[in-house]
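Content type mmCIF, C-alpha atoms and all ligand atoms, from the file input-v4.cif:
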```
data_run
#
loop_
_atom_site.label_atom_id
_atom_site.label_comp_id
_atom_site.auth_asym_id
_atom_site.auth_seq_id
_atom_site.Cartn_x
_atom_site.Cartn_y
_atom_site.Cartn_z
CA MET A 1 14.85 27.75 12.13
CA ALA A 2 11.69 28.91 13.83
CA GLY A 3 12.30 27.07 17.08
CA GLU A 4 15.96 27.91 17.52
CA ALA A 5 15.55 31.37 18.91
CA GLN A 6 13.10 30.18 21.52
CA PRO A 7 13.99 29.57 25.15
CA ASP A 8 13.49 26.09 26.56
CA HIS A 9 10.12 26.57 28.18
CA ASP A 10 9.30 25.23 31.53
CA ASP A 11 5.91 24.77 33.00
CA ASP A 12 5.46 28.16 34.60
CA ASP A 13 2.59 30.46 33.81
CA GLU A 14 4.37 33.24 31.98
CA ASP A 15 3.42 33.17 28.35
CA ASP A 16 6.17 32.78 25.81
CA TRP A 17 5.25 33.66 22.30
CA GLY A 18 6.88 31.89 19.44
CA ASP A 19 7.51 32.86 15.87
CA LEU A 20 4.11 34.28 15.15
CA GLY A 21 5.01 35.63 11.74
CA GLY A 22 1.79 37.63 11.76
CA GLU A 23 -0.24 34.39 11.93
CA ARG A 24 -1.41 34.42 15.50
CA ASP A 25 -3.99 31.69 15.82
CA ASP A 26 -7.13 32.24 17.82
CA LEU A 27 -6.95 29.06 19.86
CA THR A 28 -7.96 29.83 23.40
CA ASP A 29 -5.65 28.42 26.02
CA VAL A 30 -7.23 25.70 28.10
CA PRO A 31 -7.14 26.84 31.73
CA GLY A 32 -4.79 24.59 33.67
CA GLY A 33 -3.67 22.97 30.41
CA VAL A 34 -0.24 21.65 29.52
CA ARG A 35 2.09 23.40 27.13
CA LEU A 36 1.73 21.97 23.64
CA GLN A 37 5.43 21.25 23.10
CA LYS A 38 5.50 19.37 26.39
CA VAL A 39 2.54 17.22 25.34
CA LEU A 40 4.17 16.48 21.98
CA ALA A 41 7.48 15.54 23.57
CA ALA A 42 5.76 13.31 26.16
CA ALA A 43 3.90 11.53 23.34
CA GLY A 44 7.23 10.59 21.77
CA VAL A 45 7.17 13.03 18.87
CA GLY A 46 10.73 14.15 19.63
CA SER A 47 12.73 16.48 21.88
CA ARG A 48 11.04 19.61 23.26
CA ARG A 49 13.16 21.64 20.84
CA HIS A 50 12.13 19.52 17.85
CA CYS A 51 8.48 19.85 18.89
CA GLU A 52 8.86 23.64 19.05
CA GLU A 53 10.21 23.56 15.52
CA LEU A 54 7.21 21.53 14.36
CA ILE A 55 4.86 24.03 16.00
CA GLY A 56 6.72 26.97 14.44
CA ALA A 57 6.52 25.30 11.05
CA GLY A 58 2.74 25.08 11.32
CA ARG A 59 2.73 21.29 11.34
CA VAL A 60 0.74 20.88 14.57
CA GLU A 61 -3.06 21.01 14.86
CA VAL A 62 -5.19 21.05 17.99
CA ASP A 63 -8.82 20.13 17.41
CA GLY A 64 -8.41 20.82 13.73
CA GLN A 65 -6.76 24.22 14.12
CA THR A 66 -3.11 24.91 13.33
CA VAL A 67 -1.32 26.26 16.40
CA ARG A 68 1.91 28.18 15.91
CA ARG A 69 2.18 29.59 19.40
CA PHE A 70 4.76 27.80 21.56
CA GLY A 71 3.16 28.71 24.84
CA ALA A 72 -0.31 27.40 24.01
CA ARG A 73 -1.75 25.28 26.77
CA VAL A 74 -3.86 22.34 25.72
CA ASP A 75 -5.88 19.59 27.35
CA PRO A 76 -4.19 16.32 26.34
CA GLU A 77 -7.02 14.28 27.87
CA HIS A 78 -9.71 15.68 25.63
CA GLN A 79 -8.21 17.56 22.69
CA ILE A 80 -7.14 15.85 19.48
CA ILE A 81 -3.61 16.77 18.54
CA ARG A 82 -2.11 15.98 15.14
CA VAL A 83 1.35 16.38 13.66
CA ASP A 84 1.40 16.45 9.87
CA GLY A 85 -2.21 15.32 9.97
CA LYS A 86 -1.44 12.20 12.07
CA ARG A 87 -2.99 11.98 15.50
CA ILE A 88 -0.57 11.58 18.40
CA PRO A 89 -1.25 9.63 21.61
CA ALA A 90 -1.53 12.63 23.91
CA ARG A 91 -3.25 11.00 26.86
CA GLN A 92 -0.79 9.89 29.50
CA ASP A 93 -2.98 7.11 30.88
CA VAL A 94 -3.33 5.24 27.60
CA VAL A 95 -1.19 2.21 26.76
CA TYR A 96 -0.66 0.72 23.31
CA LEU A 97 1.19 -2.59 23.16
CA ALA A 98 2.21 -5.19 20.63
CA PHE A 99 2.27 -8.71 22.07
CA ASN A 100 3.65 -11.89 20.54
CA LYS A 101 1.12 -14.50 21.65
CA PRO A 102 2.65 -17.93 22.05
CA PRO A 103 0.71 -21.02 20.95
CA LYS A 104 -1.54 -22.75 23.50
CA VAL A 105 -2.54 -19.45 25.09
CA LEU A 106 -6.16 -18.31 25.26
CA THR A 107 -7.10 -14.82 24.01
CA ALA A 108 -8.88 -13.91 27.24
CA MET A 109 -8.01 -12.36 30.55
CA SER A 110 -9.05 -15.46 32.56
CA ASP A 111 -10.15 -19.04 31.96
CA ASP A 112 -12.35 -21.16 34.19
CA ARG A 113 -10.67 -24.29 32.78
CA GLY A 114 -7.27 -23.14 34.02
CA ARG A 115 -5.63 -22.73 30.63
CA LYS A 116 -2.92 -20.13 30.17
CA THR A 117 -4.31 -16.77 29.01
CA ILE A 118 -2.73 -13.62 27.63
CA ALA A 119 -3.18 -12.06 31.09
CA ASP A 120 -0.40 -14.37 32.31
CA PHE A 121 2.04 -12.37 30.16
CA LEU A 122 0.87 -8.85 30.85
CA GLY A 123 1.75 -8.32 34.49
CA ASP A 124 0.17 -5.26 36.07
CA HIS A 125 -1.23 -4.06 32.75
CA ALA A 126 -3.65 -6.96 32.37
CA GLU A 127 -6.74 -5.62 34.09
CA ARG A 128 -6.84 -2.40 32.12
CA LEU A 129 -6.23 -3.73 28.64
CA PHE A 130 -8.51 -4.73 25.77
CA HIS A 131 -7.21 -7.22 23.22
CA VAL A 132 -7.92 -6.07 19.70
CA GLY A 133 -9.64 -9.07 18.14
CA ARG A 134 -8.62 -12.64 18.86
CA LEU A 135 -6.15 -15.29 17.85
CA ASP A 136 -7.05 -18.97 18.12
CA TYR A 137 -5.65 -20.92 21.06
CA ASP A 138 -3.09 -22.54 18.73
CA THR A 139 -2.32 -19.45 16.64
CA GLU A 140 0.80 -17.43 17.42
CA GLY A 141 1.95 -13.94 16.73
CA LEU A 142 0.95 -10.31 16.82
CA MET A 143 -1.87 -9.05 19.00
CA LEU A 144 -2.52 -5.42 19.81
CA LEU A 145 -3.50 -4.50 23.35
CA THR A 146 -4.69 -1.13 24.55
CA ASN A 147 -6.89 0.61 27.09
CA ASP A 148 -7.99 3.06 24.37
CA GLY A 149 -11.49 1.62 24.11
CA GLU A 150 -12.51 3.53 21.02
CA LEU A 151 -9.44 2.52 19.04
CA ALA A 152 -9.79 -1.12 20.11
CA HIS A 153 -13.47 -1.13 19.20
CA ARG A 154 -12.92 0.36 15.77
CA LEU A 155 -9.95 -1.86 14.94
CA ALA A 156 -12.05 -4.93 15.70
CA HIS A 157 -15.17 -3.65 13.93
CA PRO A 158 -15.92 -5.22 10.51
CA SER A 159 -16.47 -1.83 8.86
CA TYR A 160 -12.89 -0.79 9.63
CA GLU A 161 -11.17 -4.19 9.36
CA VAL A 162 -7.50 -3.45 8.82
CA ALA A 163 -5.36 -5.83 6.78
CA LYS A 164 -3.66 -8.64 8.67
CA THR A 165 -0.92 -10.91 7.40
CA TYR A 166 -0.28 -14.51 8.44
CA LEU A 167 2.39 -17.11 7.80
CA ALA A 168 1.02 -20.63 7.50
CA ASP A 169 2.69 -24.02 7.31
CA VAL A 170 0.65 -26.15 4.93
CA PRO A 171 1.09 -29.41 3.03
CA GLY A 172 2.79 -28.89 -0.32
CA PRO A 173 3.23 -28.72 -3.16
CA VAL A 174 1.07 -25.62 -3.59
CA PRO A 175 -0.41 -25.38 -7.09
CA LYS A 176 0.35 -22.27 -9.14
CA ASP A 177 -3.26 -21.13 -9.28
CA LEU A 178 -3.89 -21.24 -5.51
CA GLY A 179 -3.27 -17.48 -5.07
CA ARG A 180 -5.79 -16.74 -7.80
CA ARG A 181 -8.37 -19.03 -6.19
CA LEU A 182 -7.91 -17.41 -2.79
CA SER A 183 -8.12 -13.87 -4.14
CA THR A 184 -11.16 -14.69 -6.24
CA GLY A 185 -12.91 -15.92 -3.12
CA VAL A 186 -13.43 -19.21 -1.32
CA GLU A 187 -16.95 -20.35 -0.47
CA LEU A 188 -17.22 -21.08 3.27
CA GLU A 189 -20.30 -22.12 5.21
CA ASP A 190 -20.79 -18.54 6.46
CA GLY A 191 -20.08 -16.86 3.12
CA VAL A 192 -17.26 -16.14 0.70
CA ALA A 193 -13.80 -15.22 2.07
CA VAL A 194 -11.31 -13.33 -0.06
CA ALA A 195 -7.53 -12.96 0.33
CA ASP A 196 -5.96 -9.59 -0.51
CA ARG A 197 -2.58 -11.17 -1.20
CA PHE A 198 -1.07 -14.63 -1.22
CA ARG A 199 2.42 -15.92 -1.91
CA VAL A 200 4.44 -19.05 -1.41
CA LEU A 201 7.58 -18.29 0.59
CA GLU A 202 9.10 -21.78 0.73
CA GLN A 203 8.38 -25.18 -0.79
CA ALA A 204 10.28 -28.24 0.32
CA GLY A 205 8.88 -31.62 -0.61
CA SER A 206 5.59 -32.20 1.10
CA ARG A 207 5.46 -28.93 3.05
CA ALA A 208 5.16 -25.27 2.15
CA LEU A 209 5.28 -21.96 3.96
CA VAL A 210 2.75 -19.48 2.61
CA GLU A 211 1.87 -15.86 3.42
CA ILE A 212 -1.69 -14.64 3.23
CA THR A 213 -3.13 -11.17 3.82
CA LEU A 214 -6.80 -10.43 4.39
CA HIS A 215 -9.18 -7.94 5.94
CA GLU A 216 -11.40 -10.65 7.38
CA GLY A 217 -12.03 -11.02 11.07
CA ARG A 218 -14.23 -14.14 11.08
CA LYS A 219 -13.38 -16.98 13.41
CA HIS A 220 -10.68 -19.42 12.21
CA ILE A 221 -10.82 -17.65 8.85
CA VAL A 222 -7.30 -18.46 7.60
CA ARG A 223 -7.48 -22.07 8.76
CA ARG A 224 -10.90 -22.51 7.16
CA MET A 225 -9.89 -20.89 3.84
CA LEU A 226 -6.73 -22.92 3.46
CA ALA A 227 -8.46 -26.15 4.51
CA GLU A 228 -11.19 -25.48 1.95
CA VAL A 229 -8.61 -25.28 -0.85
CA GLY A 230 -6.94 -28.50 0.29
CA HIS A 231 -4.04 -27.11 2.36
CA PRO A 232 -4.93 -27.46 6.05
CA VAL A 233 -2.74 -25.34 8.32
CA SER A 234 -0.41 -27.01 10.80
CA ARG A 235 1.08 -23.77 12.18
CA LEU A 236 -0.25 -20.22 11.94
CA VAL A 237 1.57 -17.02 12.90
CA ARG A 238 0.18 -13.50 12.51
CA THR A 239 2.95 -11.15 11.43
CA THR A 240 1.21 -7.81 10.83
CA VAL A 241 -1.91 -5.91 11.90
CA GLY A 242 -2.37 -2.84 9.72
CA PRO A 243 0.81 -0.77 10.02
CA VAL A 244 2.19 -2.77 12.97
CA LYS A 245 4.71 -5.55 12.39
CA LEU A 246 5.66 -8.39 14.72
CA GLY A 247 9.34 -7.97 13.76
CA GLY A 248 11.76 -9.50 16.25
CA LEU A 249 9.39 -9.49 19.22
CA ARG A 250 9.87 -12.82 21.01
CA PRO A 251 6.99 -15.12 22.00
CA GLY A 252 5.42 -13.97 25.27
CA GLU A 253 6.97 -10.49 25.02
CA THR A 254 5.32 -7.09 24.65
CA ARG A 255 6.60 -3.78 23.35
CA ASP A 256 5.14 -0.28 23.29
CA LEU A 257 3.85 0.78 19.89
CA THR A 258 5.69 3.74 18.41
CA THR A 259 4.04 7.14 18.06
CA LYS A 260 4.12 6.59 14.28
CA GLU A 261 2.38 3.20 14.54
CA ILE A 262 -0.30 4.65 16.81
CA GLY A 263 -0.87 7.56 14.42
CA GLU A 264 -1.23 5.13 11.53
CA LEU A 265 -3.68 2.96 13.48
CA TYR A 266 -5.81 6.01 14.31
CA ALA A 267 -5.74 6.99 10.62
CA ALA A 268 -6.72 3.46 9.54
CA VAL A 269 -9.95 3.69 11.55
CA GLY A 270 -10.77 7.34 10.88
CA LEU A 271 -9.84 8.72 14.30
N1 LIG B 1 -7.44 -17.03 11.22
C1 LIG B 1 -7.41 -18.19 11.89
O1 LIG B 1 -7.75 -19.22 11.34
N2 LIG B 1 -7.00 -18.17 13.16
C2 LIG B 1 -6.58 -17.05 13.81
O2 LIG B 1 -6.22 -17.11 14.97
C3 LIG B 1 -6.62 -15.86 13.09
C4 LIG B 1 -7.05 -15.87 11.79
#
```

Here is the file; what I need is its structure written in the form of structure tokens.
Amino acid sequence: MAGEAQPDHDDDDEDDWGDLGGERDDLTDVPGGVRLQKVLAAAGVGSRRHCEELIGAGRVEVDGQTVRRFGARVDPEHQIIRVDGKRIPARQDVVYLAFNKPPKVLTAMSDDRGRKTIADFLGDHAERLFHVGRLDYDTEGLMLLTNDGELAHRLAHPSYEVAKTYLADVPGPVPKDLGRRLSTGVELEDGVAVADRFRVLEQAGSRALVEITLHEGRKHIVRRMLAEVGHPVSRLVRTTVGPVKLGGLRPGETRDLTTKEIGELYAAVGL
């Protein structure tokens, strides 16, 4: 394998050259930069050795140019680095978190009425983080938090709206044609709202658990849509945002997004 013959590089200045195979790229080293394999490993792509193999295999791009040279020094703060076309989180100062918002918590960093806010769960991170969109005070589930302003902005922007999935407790029974009605479009006071997907997960007597996916970001959109079709929501939980799933994250807890999830979020908003 291309990387196997290579020494484990440290951070000194001597230049190690990898398996060039006659394909020396013309990327100029960034003065004072960090070795590419070190940046990849720090971003969670894999071990230094694995990252060298990826570089040797021509799977790593810096600012759109394939780099096969192990010793290349890059600027992780400003250059865009991709593995297999997916951007990696190269900046060391950037945080990407999934948070399971409990009910009765305000999507804000402070509240002049003294209600609990998401900042109460974020410890030292709170001041630096943007919440990506909002969940209602009573809504639970997945929120993304980051200090990557551009990603947060694009994820929340209507032109990039990523799909979000919710579980809702509603009164049953749910008629067979409800999914069709929701995906055809429901007339709301501020315009039509359309579901991408809808299914009934459970029906027991007078209650039902339904799952709805949409790209919409309008306020109270799921509650308003389901109320409009005669099934007002008594509990609402967001379970996915684009490629990120709530999974087993407990209420009030956060976890770091994986490198793969971050790459997929970047891709979803054209970054
Ligand atoms: N739709 C709602 O009605 N509430 C939320 O919090 C999110 C989507």

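Using all atoms listed in the file, the protein and nucleic acid residues lying no more than 9 Å from A:Ser183, apart from those fewer than 4 places from it along its own chain, are Leu178, Gly179, Ala193, Val194, Ala195, Asp196, Arg197 and Phe198 of chain A.
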
Write out, as a compact mmCIF listing (two decimals), in the frame of the given file, the residues just selected, with C-alpha atoms.
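This is the output file selection_17.txt:
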```
# COMPACT_ATOMS: atom_id res chain seq x y z
CA LEU A 178 -3.89 -21.24 -5.51
CA GLY A 179 -3.27 -17.48 -5.07
CA ALA A 193 -13.80 -15.22 2.07
CA VAL A 194 -11.31 -13.33 -0.06
CA ALA A 195 -7.53 -12.96 0.33
CA ASP A 196 -5.96 -9.59 -0.51
CA ARG A 197 -2.58 -11.17 -1.20
CA PHE A 198 -1.07 -14.63 -1.22
```

Q: Pick out the closest residue to ligand LIG 1 (chain B) from this set: A:Asp75, A:Glu127, A:Asp138, A:Glu228. Count only C-alpha atoms and all ligand atoms.
A: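 With only C-alpha atoms and all ligand atoms as the atom set, the closest residue is A:Asp138.
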
Q: Output the neighbourhood of ligand LIG 1 (chain B) as a PyMOL selection string, that is, all protein and nucleic acid residues with some atom at most 6 Å from the ligand, counting all atoms listed in the file.
A: chain A and resi 135-136+139+220-223

Could you give me, as a Markdown table, a per-residue list for stretch 65-142 of chain A showing, wherever an atom lies at most 7 Å from an atom of stretch 29-51 of chain A, the closest pair of atoms and their distance in Å to one decimal, using only C-alpha atoms and sorting by chain then residue number from low to high?
```
| residue | atom | partner | partner_atom | distance |
| --- | --- | --- | --- | --- |
| A:Phe70 | CA | A:Gln37 | CA | 6.8 |
| A:Gly71 | CA | A:Arg35 | CA | 5.9 |
| A:Ala72 | CA | A:Arg35 | CA | 5.6 |
| A:Arg73 | CA | A:Arg35 | CA | 4.3 |
| A:Val74 | CA | A:Gly33 | CA | 4.7 |
| A:Asp75 | CA | A:Gly33 | CA | 5.1 |
| A:Pro76 | CA | A:Val39 | CA | 6.9 |
| A:Ile88 | CA | A:Ala43 | CA | 6.7 |
| A:Pro89 | CA | A:Ala43 | CA | 5.8 |
| A:Ala90 | CA | A:Ala43 | CA | 5.6 |
```

Q | One-decimal distance in Å that lies between atom CA of A:Thr146 and atom CA of A:Tyr96 | A | 4.6 Å

Q: Could you please give me, as a PyMOL selection string, the residues of protein, DNA or RNA lying at most 7 Å from (-1.5, -24.5, 29.2) in the coordinate frame of the file, considering all atoms listed in the file?
A: chain A and resi 104-105+115-116

Give the padded box for stretch 173-179 of chain A as AutoDock Vina command-line options: axis-aligned, covering all atoms listed in the file, 8 Å on each side, centre and edge lengths in Å to one decimal.
```
--center_x -0.3 --center_y -23.1 --center_z -6.2 --size_x 23.1 --size_y 27.2 --size_z 22.1
```

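Nearest to A:Lys164 of all the residues A:Val62, A:Ala119, A:Ile212, A:Val241 is A:Val241, based on all atoms listed in the file.
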
Q: Rank A:Ile80, A:Leu106, A:Val229, A:Val132 by their smallest atom-to-atom distance to A:Asp120, using only C-alpha atoms, and report the top residue only.
A: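 Closest candidate: A:Leu106.
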
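Straight-line separation from atom CA of A:Glu253 to atom CA of A:Thr165: 19.3 Å.
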
Q | stretch 261-264 of chain A surroundings by all atoms listed in the file, 10 Å radius, close-in-sequence under 2 positions cut, as a PyMOL selection string | A | chain A and resi 82-83+85-89+96-97+151+242-245+256-259+266-271

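Atom CA of A:His78 lies 21.2 Å from atom CA of A:Gly58.
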
How would stretch 44-71 of chain A read, as a short mmCIF file (atom, residue, chain, number, x, y, z; two decimals), keeping the file's coordinate frame, once N, CA and C atoms are built in?
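Saved to rebuild_20.cif:
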```cif
data_model
loop_
_atom_site.label_atom_id
_atom_site.label_comp_id
_atom_site.auth_asym_id
_atom_site.auth_seq_id
_atom_site.Cartn_x
_atom_site.Cartn_y
_atom_site.Cartn_z
N GLY A 44 6.18 11.27 22.54
CA GLY A 44 7.23 10.59 21.77
C GLY A 44 7.48 11.18 20.40
N VAL A 45 6.98 12.40 20.18
CA VAL A 45 7.17 13.03 18.87
C VAL A 45 8.63 13.41 18.66
N GLY A 46 9.32 13.77 19.74
CA GLY A 46 10.73 14.15 19.63
C GLY A 46 11.09 15.01 20.82
N SER A 47 12.28 15.61 20.78
CA SER A 47 12.73 16.48 21.88
C SER A 47 11.81 17.70 21.95
N ARG A 48 11.85 18.40 23.09
CA ARG A 48 11.04 19.61 23.26
C ARG A 48 11.40 20.61 22.15
N ARG A 49 12.69 20.71 21.87
CA ARG A 49 13.16 21.64 20.84
C ARG A 49 12.59 21.27 19.46
N HIS A 50 12.66 19.97 19.14
CA HIS A 50 12.13 19.52 17.85
C HIS A 50 10.63 19.82 17.77
N CYS A 51 9.93 19.61 18.88
CA CYS A 51 8.48 19.85 18.89
C CYS A 51 8.19 21.34 18.69
N GLU A 52 9.04 22.20 19.26
CA GLU A 52 8.86 23.64 19.05
C GLU A 52 9.04 23.98 17.56
N GLU A 53 9.98 23.30 16.94
CA GLU A 53 10.21 23.56 15.52
C GLU A 53 8.99 23.13 14.69
N LEU A 54 8.40 22.01 15.08
CA LEU A 54 7.21 21.53 14.36
C LEU A 54 6.07 22.53 14.52
N ILE A 55 5.92 23.05 15.76
CA ILE A 55 4.86 24.03 16.00
C ILE A 55 5.12 25.27 15.15
N GLY A 56 6.36 25.76 15.21
CA GLY A 56 6.72 26.97 14.44
C GLY A 56 6.50 26.79 12.96
N ALA A 57 6.67 25.57 12.49
CA ALA A 57 6.52 25.30 11.05
C ALA A 57 5.06 25.09 10.67
N GLY A 58 4.16 25.21 11.63
CA GLY A 58 2.74 25.08 11.32
C GLY A 58 2.30 23.65 11.05
N ARG A 59 3.04 22.70 11.63
CA ARG A 59 2.73 21.29 11.34
C ARG A 59 1.88 20.65 12.44
N VAL A 60 1.49 21.45 13.44
CA VAL A 60 0.74 20.88 14.57
C VAL A 60 -0.67 21.46 14.62
N GLU A 61 -1.65 20.59 14.77
CA GLU A 61 -3.06 21.01 14.86
C GLU A 61 -3.64 20.57 16.19
N VAL A 62 -4.44 21.43 16.79
CA VAL A 62 -5.19 21.05 17.99
C VAL A 62 -6.67 21.21 17.65
N ASP A 63 -7.41 20.14 17.78
CA ASP A 63 -8.82 20.13 17.41
C ASP A 63 -9.05 20.76 16.04
N GLY A 64 -8.22 20.39 15.10
CA GLY A 64 -8.41 20.82 13.73
C GLY A 64 -7.86 22.20 13.39
N GLN A 65 -7.27 22.87 14.38
CA GLN A 65 -6.76 24.22 14.12
C GLN A 65 -5.24 24.25 14.25
N THR A 66 -4.57 24.81 13.26
CA THR A 66 -3.11 24.91 13.33
C THR A 66 -2.72 25.87 14.45
N VAL A 67 -1.78 25.43 15.27
CA VAL A 67 -1.32 26.26 16.40
C VAL A 67 0.16 26.54 16.19
N ARG A 68 0.50 27.83 16.11
CA ARG A 68 1.91 28.18 15.91
C ARG A 68 2.52 28.80 17.16
N ARG A 69 1.73 28.88 18.20
CA ARG A 69 2.18 29.59 19.40
C ARG A 69 2.79 28.59 20.38
N PHE A 70 4.07 28.79 20.72
CA PHE A 70 4.76 27.80 21.56
C PHE A 70 4.15 27.67 22.95
N GLY A 71 3.62 28.76 23.46
CA GLY A 71 3.16 28.71 24.84
C GLY A 71 1.75 28.15 25.01
#
```
